[in-house]
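Listing of final-v6.pdb, PDB, C-alpha atoms
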```
ATOM      1  CA  MET A   1      -7.049   0.664   7.196
ATOM      2  CA  LEU A   2      -4.794   2.141   4.558
ATOM      3  CA  SER A   3      -1.733   1.741   6.766
ATOM      4  CA  GLU A   4       1.590   1.196   5.023
ATOM      5  CA  PRO A   5       1.217  -2.004   2.967
ATOM      6  CA  ARG A   6       4.094  -4.458   2.763
ATOM      7  CA  SER A   7       3.863  -4.210  -1.020
ATOM      8  CA  GLY A   8       4.451  -0.462  -0.694
ATOM      9  CA  ARG A   9       7.646  -0.989   1.291
ATOM     10  CA  LEU A  10       8.919  -3.601  -1.164
ATOM     11  CA  ALA A  11       8.176  -1.452  -4.201
ATOM     12  CA  ALA A  12       9.569   1.762  -2.715
ATOM     13  CA  TRP A  13      12.811   0.286  -1.395
ATOM     14  CA  GLY A  14      13.159  -2.036  -4.369
ATOM     15  CA  ASN A  15      13.012   1.031  -6.611
ATOM     16  CA  ALA A  16      15.545   2.857  -4.434
ATOM     17  CA  LEU A  17      17.852  -0.133  -4.776
ATOM     18  CA  LEU A  18      17.471  -0.215  -8.556
ATOM     19  CA  ALA A  19      18.238   3.514  -8.692
ATOM     20  CA  GLY A  20      21.406   3.067  -6.625
ATOM     21  CA  PHE A  21      20.219   5.081  -3.620
ATOM     22  CA  VAL A  22      20.546   2.227  -1.099
ATOM     23  CA  SER A  23      22.490  -0.998  -0.698
ATOM     24  CA  PRO A  24      20.829  -4.424  -1.071
ATOM     25  CA  ASP A  25      21.092  -5.105   2.660
ATOM     26  CA  ASP A  26      19.624  -1.727   3.597
ATOM     27  CA  ALA A  27      16.746  -2.213   1.144
ATOM     28  CA  ALA A  28      15.989  -5.664   2.548
ATOM     29  CA  LEU A  29      16.111  -4.354   6.124
ATOM     30  CA  ALA A  30      13.660  -1.541   5.308
ATOM     31  CA  ILE A  31      11.272  -3.922   3.533
ATOM     32  CA  VAL A  32      11.195  -6.364   6.440
ATOM     33  CA  GLY A  33      10.467  -3.558   8.904
ATOM     34  CA  ASP A  34       9.033  -4.945  12.135
ATOM     35  CA  ASP A  35       8.486  -8.426  10.698
ATOM     36  CA  ALA A  36      10.764 -11.299  11.658
ATOM     37  CA  VAL A  37      11.781 -12.397   8.175
ATOM     38  CA  HIS A  38      10.739 -12.171   4.510
ATOM     39  CA  ARG A  39      11.421 -14.825   1.887
ATOM     40  CA  VAL A  40      10.601 -15.113  -1.812
ATOM     41  CA  GLU A  41       9.543 -18.370  -3.418
ATOM     42  CA  GLY A  42       8.875 -19.275  -7.029
ATOM     43  CA  LEU A  43      11.820 -17.314  -8.437
ATOM     44  CA  PRO A  44      13.054 -18.697 -11.767
ATOM     45  CA  GLY A  45      16.177 -20.768 -11.178
ATOM     46  CA  GLU A  46      15.472 -21.374  -7.490
ATOM     47  CA  THR A  47      14.080 -24.613  -6.070
ATOM     48  CA  GLY A  48      12.873 -23.110  -2.801
ATOM     49  CA  PRO A  49      12.378 -19.874  -0.874
ATOM     50  CA  VAL A  50      15.306 -17.422  -0.790
ATOM     51  CA  GLY A  51      16.080 -14.295   1.217
ATOM     52  CA  LEU A  52      15.119 -10.821   0.089
ATOM     53  CA  THR A  53      18.645  -9.683  -0.749
ATOM     54  CA  LEU A  54      19.179 -12.597  -3.126
ATOM     55  CA  ALA A  55      15.658 -12.274  -4.540
ATOM     56  CA  LEU A  56      16.001  -8.583  -5.362
ATOM     57  CA  GLY A  57      19.319  -9.254  -7.089
ATOM     58  CA  ARG A  58      17.863 -12.141  -9.064
ATOM     59  CA  LEU A  59      14.871 -10.095 -10.207
ATOM     60  CA  ARG A  60      17.211  -7.365 -11.391
ATOM     61  CA  ALA A  61      19.217  -9.945 -13.341
ATOM     62  CA  LEU A  62      15.963 -11.177 -14.892
ATOM     63  CA  GLY A  63      15.359  -7.705 -16.317
ATOM     64  CA  VAL A  64      13.265  -5.949 -13.671
ATOM     65  CA  THR A  65      13.695  -2.167 -13.913
ATOM     66  CA  GLY A  66      11.054  -0.997 -11.453
ATOM     67  CA  TYR A  67       8.254  -2.012  -9.111
ATOM     68  CA  ARG A  68       4.620  -0.946  -9.001
ATOM     69  CA  VAL A  69       2.022  -1.532  -6.285
ATOM     70  CA  ALA A  70      -1.466  -2.992  -6.611
ATOM     71  CA  LEU A  71      -4.065  -2.583  -3.835
ATOM     72  CA  PRO A  72      -7.121  -4.410  -5.182
ATOM     73  CA  ALA A  73     -10.483  -4.746  -3.443
ATOM     74  CA  PRO A  74     -13.633  -6.653  -4.453
ATOM     75  CA  GLY A  75     -14.929  -5.066  -7.640
ATOM     76  CA  HIS A  76     -11.864  -2.839  -7.969
ATOM     77  CA  PRO A  77      -8.715  -4.500  -9.438
ATOM     78  CA  LEU A  78      -6.599  -1.441  -8.651
ATOM     79  CA  GLY A  79      -3.103  -1.737 -10.127
ATOM     80  CA  LEU A  80      -3.581  -5.225 -11.594
ATOM     81  CA  SER A  81      -3.160  -6.317 -15.205
ATOM     82  CA  GLY A  82      -3.701 -10.102 -15.037
ATOM     83  CA  PRO A  83      -3.641 -12.984 -15.569
ATOM     84  CA  PRO A  84      -6.649 -14.200 -13.522
ATOM     85  CA  ASP A  85      -4.575 -16.447 -11.229
ATOM     86  CA  PHE A  86      -2.313 -13.592 -10.172
ATOM     87  CA  ASN A  87      -5.263 -11.225  -9.800
ATOM     88  CA  ALA A  88      -7.089 -13.732  -7.581
ATOM     89  CA  ARG A  89      -4.074 -14.164  -5.298
ATOM     90  CA  ALA A  90      -3.547 -10.418  -5.115
ATOM     91  CA  LEU A  91      -7.202  -9.812  -4.309
ATOM     92  CA  ASP A  92      -7.063 -12.398  -1.538
ATOM     93  CA  ALA A  93      -3.981 -10.682  -0.069
ATOM     94  CA  GLU A  94      -5.418  -7.206  -0.827
ATOM     95  CA  GLU A  95      -2.035  -6.178  -2.219
ATOM     96  CA  ALA A  96       0.731  -7.131  -4.637
ATOM     97  CA  VAL A  97       3.862  -5.858  -6.356
ATOM     98  CA  VAL A  98       4.075  -5.876 -10.154
ATOM     99  CA  ALA A  99       7.499  -5.635 -11.774
ATOM    100  CA  SER A 100       8.305  -3.414 -14.725
ATOM    101  CA  GLY A 101      10.750  -4.599 -17.378
ATOM    102  CA  ALA A 102      10.058  -8.295 -16.742
ATOM    103  CA  ALA A 103       6.707 -10.034 -16.421
ATOM    104  CA  TYR A 104       6.769 -11.001 -12.749
ATOM    105  CA  GLY A 105       4.615 -10.153  -9.767
ATOM    106  CA  LEU A 106       4.930 -10.753  -6.028
ATOM    107  CA  VAL A 107       2.068 -11.517  -3.652
ATOM    108  CA  PRO A 108       2.689 -11.676   0.123
ATOM    109  CA  GLU A 109       1.474 -14.466   2.371
ATOM    110  CA  VAL A 110       1.695 -13.589   6.064
ATOM    111  CA  TYR A 111       2.253 -16.073   8.896
ATOM    112  CA  GLU A 112       1.952 -15.197  12.582
ATOM    113  CA  ALA A 113       3.254 -17.276  15.469
ATOM    114  CA  GLY A 114       3.816 -16.871  19.185
ATOM    115  CA  PRO A 115       1.725 -15.928  22.233
ATOM    116  CA  ALA A 116      -0.251 -12.706  22.557
ATOM    117  CA  GLY A 117       2.105  -9.809  23.103
ATOM    118  CA  ASP A 118       5.015 -11.683  21.570
ATOM    119  CA  VAL A 119       3.794 -12.500  18.084
ATOM    120  CA  HIS A 120       6.396 -12.674  15.337
ATOM    121  CA  VAL A 121       5.492 -12.312  11.687
ATOM    122  CA  GLU A 122       7.027 -14.117   8.738
ATOM    123  CA  VAL A 123       6.199 -13.218   5.133
ATOM    124  CA  VAL A 124       6.562 -15.362   2.033
ATOM    125  CA  TRP A 125       6.361 -13.499  -1.265
ATOM    126  CA  HIS A 126       5.067 -15.695  -4.094
ATOM    127  CA  CYS A 127       6.693 -14.831  -7.421
ATOM    128  CA  LEU A 128       4.254 -15.392 -10.283
ATOM    129  CA  PRO A 129       3.993 -14.508 -13.974
ATOM    130  CA  VAL A 130       1.970 -11.406 -14.816
ATOM    131  CA  ARG A 131       0.532  -9.955 -17.997
ATOM    132  CA  GLU A 132       2.441  -7.021 -19.449
ATOM    133  CA  ALA A 133      -0.318  -4.445 -19.776
ATOM    134  CA  PRO A 134      -1.253  -1.068 -18.259
ATOM    135  CA  PRO A 135      -2.341  -1.430 -14.605
ATOM    136  CA  ALA A 136      -6.023  -0.939 -13.865
ATOM    137  CA  ASP A 137      -7.374   2.416 -12.667
ATOM    138  CA  VAL A 138      -4.110   4.009 -11.482
ATOM    139  CA  PRO A 139      -4.261   7.830 -11.576
ATOM    140  CA  SER A 140      -1.405  10.230 -12.166
ATOM    141  CA  LEU A 141       0.064  11.969  -9.127
ATOM    142  CA  GLY A 142      -1.622  15.226 -10.097
ATOM    143  CA  GLU A 143      -5.002  13.552 -10.509
ATOM    144  CA  ALA A 144      -4.574  11.713  -7.206
ATOM    145  CA  GLU A 145      -3.708  14.918  -5.360
ATOM    146  CA  ARG A 146      -6.806  16.684  -6.678
ATOM    147  CA  GLU A 147      -9.022  13.730  -5.785
ATOM    148  CA  LEU A 148      -7.555  13.596  -2.274
ATOM    149  CA  ALA A 149      -8.324  17.252  -1.562
ATOM    150  CA  GLU A 150     -11.963  16.592  -2.431
ATOM    151  CA  ALA A 151     -11.981  13.287  -0.507
ATOM    152  CA  LEU A 152     -10.679  14.917   2.675
ATOM    153  CA  ARG A 153     -13.525  17.446   2.525
ATOM    154  CA  ASP A 154     -16.064  14.722   1.749
ATOM    155  CA  ALA A 155     -14.828  12.495   4.585
ATOM    156  CA  THR A 156     -15.184  15.323   7.082
ATOM    157  CA  GLU A 157     -18.693  16.106   5.849
ATOM    158  CA  VAL A 158     -19.732  12.450   5.963
ATOM    159  CA  LEU A 159     -18.487  11.934   9.519
ATOM    160  CA  SER A 160     -20.298  15.060  10.656
ATOM    161  CA  ARG A 161     -23.533  14.297   8.815
ATOM    162  CA  LEU A 162     -23.771  10.719  10.085
ATOM    163  CA  ASP A 163     -22.723  11.712  13.607
ATOM    164  CA  VAL A 164     -19.965   9.126  13.558
ATOM    165  CA  ALA A 165     -17.869   8.939  16.725
ATOM    166  CA  ALA A 166     -14.805  10.471  15.108
ATOM    167  CA  SER A 167     -14.081  12.626  18.118
ATOM    168  CA  GLY A 168     -13.459  11.938  21.764
ATOM    169  CA  PRO A 169     -10.457  10.527  23.634
ATOM    170  CA  VAL A 170     -10.009   7.318  21.621
ATOM    171  CA  ALA A 171     -10.125   9.074  18.261
ATOM    172  CA  GLU A 172      -7.942  11.918  19.526
ATOM    173  CA  ALA A 173      -5.357   9.423  20.786
ATOM    174  CA  ALA A 174      -5.284   7.723  17.384
ATOM    175  CA  ILE A 175      -4.807  11.041  15.607
ATOM    176  CA  ASP A 176      -2.106  12.145  18.074
ATOM    177  CA  ALA A 177      -0.275   8.853  17.524
ATOM    178  CA  TYR A 178      -0.415   9.385  13.767
ATOM    179  CA  ARG A 179       0.956  12.922  14.091
ATOM    180  CA  ALA A 180       3.777  11.756  16.354
ATOM    181  CA  ARG A 181       4.676   8.971  13.947
ATOM    182  CA  ALA A 182       4.581  11.368  11.003
ATOM    183  CA  SER A 183       6.838  13.800  12.881
ATOM    184  CA  ARG A 184       9.381  11.105  13.747
ATOM    185  CA  GLY A 185       9.339   9.745  10.216
ATOM    186  CA  ALA A 186       9.444  13.057   8.366
ATOM    187  CA  GLY A 187      11.102  12.476   5.012
ATOM    188  CA  GLU A 188      10.875   8.681   5.429
ATOM    189  CA  THR A 189       7.345   8.110   4.143
ATOM    190  CA  LEU A 190       8.845   6.847   0.906
ATOM    191  CA  ALA A 191      12.305   5.567   0.050
ATOM    192  CA  PRO A 192      15.063   7.822  -1.343
ATOM    193  CA  GLY A 193      14.595   8.882  -4.953
ATOM    194  CA  TYR A 194      10.873   9.595  -4.853
ATOM    195  CA  PRO A 195       9.625  13.069  -5.862
ATOM    196  CA  PRO A 196       8.350  15.324  -3.030
ATOM    197  CA  ARG A 197       4.881  15.339  -4.583
ATOM    198  CA  ALA A 198       4.652  11.562  -4.165
ATOM    199  CA  VAL A 199       5.540  11.912  -0.482
ATOM    200  CA  ARG A 200       2.884  14.595  -0.076
ATOM    201  CA  VAL A 201       0.220  12.500  -1.806
ATOM    202  CA  LEU A 202       1.024   9.400   0.247
ATOM    203  CA  GLU A 203       0.929  11.308   3.537
ATOM    204  CA  LEU A 204      -2.465  12.813   2.681
ATOM    205  CA  ALA A 205      -3.822   9.417   1.616
ATOM    206  CA  GLN A 206      -2.710   7.938   4.939
ATOM    207  CA  ARG A 207      -4.322  10.825   6.822
ATOM    208  CA  ILE A 208      -7.632  10.152   5.089
ATOM    209  CA  GLY A 209      -7.194   6.465   5.817
ATOM    210  CA  LEU A 210      -6.820   7.320   9.496
ATOM    211  CA  LEU A 211     -10.076   9.280   9.480
ATOM    212  CA  ILE A 212     -11.866   6.330   7.871
ATOM    213  CA  SER A 213     -10.349   3.915  10.416
ATOM    214  CA  VAL A 214     -11.509   6.110  13.287
ATOM    215  CA  ALA A 215     -14.999   6.175  11.793
ATOM    216  CA  TYR A 216     -15.169   2.387  11.505
ATOM    217  CA  GLU A 217     -13.384   1.378  14.698
ATOM    218  CA  ASN A 218     -14.498   3.830  17.389
ATOM    219  CA  GLY A 219     -18.200   3.295  17.788
ATOM    220  CA  HIS A 220     -21.245   3.983  15.695
ATOM    221  CA  GLY A 221     -22.005   7.497  16.884
ATOM    222  CA  GLY A 222     -25.513   8.394  15.799
ATOM    223  CA  ALA A 223     -25.603   5.529  13.264
ATOM    224  CA  VAL A 224     -27.434   3.212  15.654
ATOM    225  CA  SER A 225     -29.673   1.360  13.215
ATOM    226  CA  ALA A 226     -28.555  -1.213  10.672
ATOM    227  CA  SER A 227     -29.732   1.005   7.824
ATOM    228  CA  GLU A 228     -27.798   3.973   9.193
ATOM    229  CA  MET A 229     -24.637   1.875   9.523
ATOM    230  CA  VAL A 230     -25.046   0.698   5.925
ATOM    231  CA  ALA A 231     -25.483   4.311   4.843
ATOM    232  CA  ARG A 232     -22.287   5.269   6.651
ATOM    233  CA  GLY A 233     -20.355   2.483   4.913
ATOM    234  CA  GLU A 234     -21.733   3.468   1.526
ATOM    235  CA  ALA A 235     -20.793   7.104   2.126
ATOM    236  CA  LEU A 236     -17.244   6.308   3.220
ATOM    237  CA  ARG A 237     -16.507   3.679   0.565
ATOM    238  CA  PRO A 238     -15.846   6.160  -2.277
ATOM    239  CA  VAL A 239     -13.515   8.132  -0.008
ATOM    240  CA  GLU A 240     -11.567   5.000   0.857
ATOM    241  CA  ARG A 241     -11.358   4.117  -2.850
ATOM    242  CA  VAL A 242      -9.824   7.518  -3.632
ATOM    243  CA  ALA A 243      -7.275   7.077  -0.830
ATOM    244  CA  ARG A 244      -6.258   3.643  -2.118
ATOM    245  CA  ARG A 245      -5.868   5.005  -5.650
ATOM    246  CA  ALA A 246      -3.667   7.782  -4.303
ATOM    247  CA  GLN A 247      -1.486   5.347  -2.370
ATOM    248  CA  VAL A 248      -0.865   3.349  -5.541
ATOM    249  CA  ALA A 249      -0.102   6.516  -7.528
ATOM    250  CA  ALA A 250       2.447   7.591  -4.907
ATOM    251  CA  TYR A 251       4.250   4.243  -4.724
ATOM    252  CA  ASN A 252       4.244   3.948  -8.520
ATOM    253  CA  ALA A 253       5.609   7.469  -9.071
ATOM    254  CA  TYR A 254       9.198   6.268  -9.438
ATOM    255  CA  VAL A 255       8.360   3.975 -12.349
ATOM    256  CA  GLU A 256       5.981   6.482 -13.931
ATOM    257  CA  GLU A 257       8.657   9.214 -13.880
ATOM    258  CA  ARG A 258      11.351   6.914 -15.231
ATOM    259  CA  GLU A 259       9.151   5.712 -18.088
ATOM    260  CA  ARG A 260       7.890   9.194 -19.009
TER
END
```
For this file, write the structure as structure tokens.
Amino acid sequence: MLSEPRSGRLAAWGNALLAGFVSPDDAALAIVGDDAVHRVEGLPGETGPVGLTLALGRLRALGVTGYRVALPAPGHPLGLSGPPDFNARALDAEEAVVASGAAYGLVPEVYEAGPAGDVHVEVVWHCLPVREAPPADVPSLGEAERELAEALRDATEVLSRLDVAASGPVAEAAIDAYRARASRGAGETLAPGYPPRAVRVLELAQRIGLLISVAYENGHGGAVSASEMVARGEALRPVERVARRAQVAAYNAYVEERER
């Protein structure tokens, strides 16, 4: 939950490419990450799917000057601006990239193949028209940072009050793994060109996301009845919403700074 979204990688490294901080091949490599391959289909002027390097160049030629992230959830169209068809696809994928400077958006479709333990992932990004309008419910970096500080306190209080199993060897192993990953990837949370505050906000949002994941995935603790489990979900949902808003604010910081 709230791990690095593919839309975040595409927006961050796409922005770094537009700013001249990385080469097209390096940007494409960073976006693909551990996946096998990414392709983009629906690009104007193309009859079929094309590779990321070509797609990023074509979008730039079409007038794209930046990339924003959308992380919508049911009842919360975070980062979206329409039209309904694009919003529906983004909601189904739970993420999307919205271009700035040209009215295009990208929604990932993920395919997995191979036996257990040797699964390879292919991603097709669908390029679709979007409405040029302010994205829904995206906070400023400063607002997101303030909300996160409160959310971290609230999450801790909720886990304690509901006696959620957020401690013990499984939870501790998850937290240790996060810390080790953060240590190895220090300075690489976002692509080159992002302000330090955006990095700080994204790291804190991911930390809160980890706490929420531990709460949901590692037993019910004292929440043994159905009503208690519902109460736990209702208590954690606002915290998760704040963390998603902060993620979007961090990824969108490049475009927000450039347009300010």
**Request:** Can you work out which one of A:Arg244, A:Phe86, A:Pro5, A:Gly209 has the shortest atom-to-atom distance to Thr156 in chain A, counting only C-alpha atoms?
**Result:** A:Gly209
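Put simply, CA of Ile208 in chain A is 11.5 Å away from CA of Glu147 in chain A.
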**Message:** To test your reading of the syntax: which residues would the PyMOL selection byres ((chain A and resi 205) around 10) return for the file shown? Reply as a PyMOL selection string.
**Reply:** chain A and resi 2-3+144-145+148-149+151-152+199-204+206-210+239-240+242-248+250
Based on the selection just made, write C-alpha atoms of those residues as an mmCIF file, in the frame of the given file.
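Output file selection24.cif is given in full below:
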```cif
data_model
loop_
_atom_site.group_PDB
_atom_site.id
_atom_site.type_symbol
_atom_site.label_atom_id
_atom_site.label_comp_id
_atom_site.auth_asym_id
_atom_site.auth_seq_id
_atom_site.Cartn_x
_atom_site.Cartn_y
_atom_site.Cartn_z
ATOM 1 C CA LEU A 2 -4.794 2.141 4.558
ATOM 2 C CA SER A 3 -1.733 1.741 6.766
ATOM 3 C CA ALA A 144 -4.574 11.713 -7.206
ATOM 4 C CA GLU A 145 -3.708 14.918 -5.360
ATOM 5 C CA LEU A 148 -7.555 13.596 -2.274
ATOM 6 C CA ALA A 149 -8.324 17.252 -1.562
ATOM 7 C CA ALA A 151 -11.981 13.287 -0.507
ATOM 8 C CA LEU A 152 -10.679 14.917 2.675
ATOM 9 C CA VAL A 199 5.540 11.912 -0.482
ATOM 10 C CA ARG A 200 2.884 14.595 -0.076
ATOM 11 C CA VAL A 201 0.220 12.500 -1.806
ATOM 12 C CA LEU A 202 1.024 9.400 0.247
ATOM 13 C CA GLU A 203 0.929 11.308 3.537
ATOM 14 C CA LEU A 204 -2.465 12.813 2.681
ATOM 15 C CA GLN A 206 -2.710 7.938 4.939
ATOM 16 C CA ARG A 207 -4.322 10.825 6.822
ATOM 17 C CA ILE A 208 -7.632 10.152 5.089
ATOM 18 C CA GLY A 209 -7.194 6.465 5.817
ATOM 19 C CA LEU A 210 -6.820 7.320 9.496
ATOM 20 C CA VAL A 239 -13.515 8.132 -0.008
ATOM 21 C CA GLU A 240 -11.567 5.000 0.857
ATOM 22 C CA VAL A 242 -9.824 7.518 -3.632
ATOM 23 C CA ALA A 243 -7.275 7.077 -0.830
ATOM 24 C CA ARG A 244 -6.258 3.643 -2.118
ATOM 25 C CA ARG A 245 -5.868 5.005 -5.650
ATOM 26 C CA ALA A 246 -3.667 7.782 -4.303
ATOM 27 C CA GLN A 247 -1.486 5.347 -2.370
ATOM 28 C CA VAL A 248 -0.865 3.349 -5.541
ATOM 29 C CA ALA A 250 2.447 7.591 -4.907
#
```
Selection dump of the PyMOL selection byres ((chain A and resi 188-193) around 9), as a compact mmCIF listing (two decimals) with C-alpha atoms, in the coordinates of the input:
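Listed below is the output, expr.txt:
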```txt
# COMPACT_ATOMS: atom_id res chain seq x y z
CA GLY A 8 4.45 -0.46 -0.69
CA ARG A 9 7.65 -0.99 1.29
CA ALA A 12 9.57 1.76 -2.72
CA TRP A 13 12.81 0.29 -1.40
CA GLY A 14 13.16 -2.04 -4.37
CA ASN A 15 13.01 1.03 -6.61
CA ALA A 16 15.54 2.86 -4.43
CA ALA A 19 18.24 3.51 -8.69
CA PHE A 21 20.22 5.08 -3.62
CA VAL A 22 20.55 2.23 -1.10
CA ALA A 30 13.66 -1.54 5.31
CA ALA A 182 4.58 11.37 11.00
CA ARG A 184 9.38 11.10 13.75
CA GLY A 185 9.34 9.74 10.22
CA ALA A 186 9.44 13.06 8.37
CA GLY A 187 11.10 12.48 5.01
CA TYR A 194 10.87 9.60 -4.85
CA PRO A 195 9.62 13.07 -5.86
CA ALA A 198 4.65 11.56 -4.16
CA VAL A 199 5.54 11.91 -0.48
CA ARG A 200 2.88 14.60 -0.08
CA LEU A 202 1.02 9.40 0.25
CA GLU A 203 0.93 11.31 3.54
CA ALA A 250 2.45 7.59 -4.91
CA TYR A 251 4.25 4.24 -4.72
CA TYR A 254 9.20 6.27 -9.44
```
**Prompt:** Distance CA of Leu29 in chain A-CA of Gly48 in chain A, one decimal place?
**Reply:** 21.0 Å
**Request:** Would you kindly return, as a PyMOL selection string, each protein, DNA or RNA residue with an atom no farther than 8 Å from any atom of Gly51 in chain A, considering all atoms listed in the file and excluding same-chain residues fewer than 4 positions away?
**Result:** chain A and resi 38-40+55
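If you look at CA of Leu71 in chain A and CA of Asp34 in chain A, they are 20.8 Å away from each other.
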Neighbour list for range 95-100 of chain A as a tab-separated table (two decimals) with C-alpha atoms, keeping the file's coordinate frame, cut-off 7 Å, only C-alpha atoms, skip fewer than 3 positions in-chain:
```tsv
chain	number	residue	atom	x	y	z
A	7	SER	CA	3.86	-4.21	-1.02
A	11	ALA	CA	8.18	-1.45	-4.20
A	64	VAL	CA	13.26	-5.95	-13.67
A	65	THR	CA	13.70	-2.17	-13.91
A	66	GLY	CA	11.05	-1.00	-11.45
A	67	TYR	CA	8.25	-2.01	-9.11
A	68	ARG	CA	4.62	-0.95	-9.00
A	69	VAL	CA	2.02	-1.53	-6.28
A	70	ALA	CA	-1.47	-2.99	-6.61
A	71	LEU	CA	-4.07	-2.58	-3.84
A	72	PRO	CA	-7.12	-4.41	-5.18
A	90	ALA	CA	-3.55	-10.42	-5.12
A	91	LEU	CA	-7.20	-9.81	-4.31
A	103	ALA	CA	6.71	-10.03	-16.42
A	104	TYR	CA	6.77	-11.00	-12.75
A	105	GLY	CA	4.62	-10.15	-9.77
A	106	LEU	CA	4.93	-10.75	-6.03
A	107	VAL	CA	2.07	-11.52	-3.65
A	108	PRO	CA	2.69	-11.68	0.12
```
**Asked** Applied to the shown file, which residues does the PyMOL selection byres ((chain A and resi 52) around 12) return, written as a VMD selection string?
**Response** chain A and resid 10 13 to 14 24 to 32 37 to 41 43 49 to 51 53 to 59 106 123 to 127
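Nearest residue to Leu141 in chain A among A:Pro83, A:Pro196, A:Gly33, A:Pro77 is A:Pro196, counting only C-alpha atoms.
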**Message:** Taking only C-alpha atoms into account, name the residue in A:Gly101, A:Pro84, A:Gly114, A:Gly75 that is nearest to Glu132 in chain A.
**Reply:** A:Gly101
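Between Ala136 in chain A and the residues A:Ala61, A:Val214, A:Leu236, A:Ala73, the shortest atom-to-atom distance, using all atoms listed in the file, involves A:Ala73.
In this comparison, which uses all atoms listed in the file, the residue of A:Leu78, A:Ala102, A:Leu211, A:Ala36 approaching Leu62 in chain A most closely is A:Ala102.
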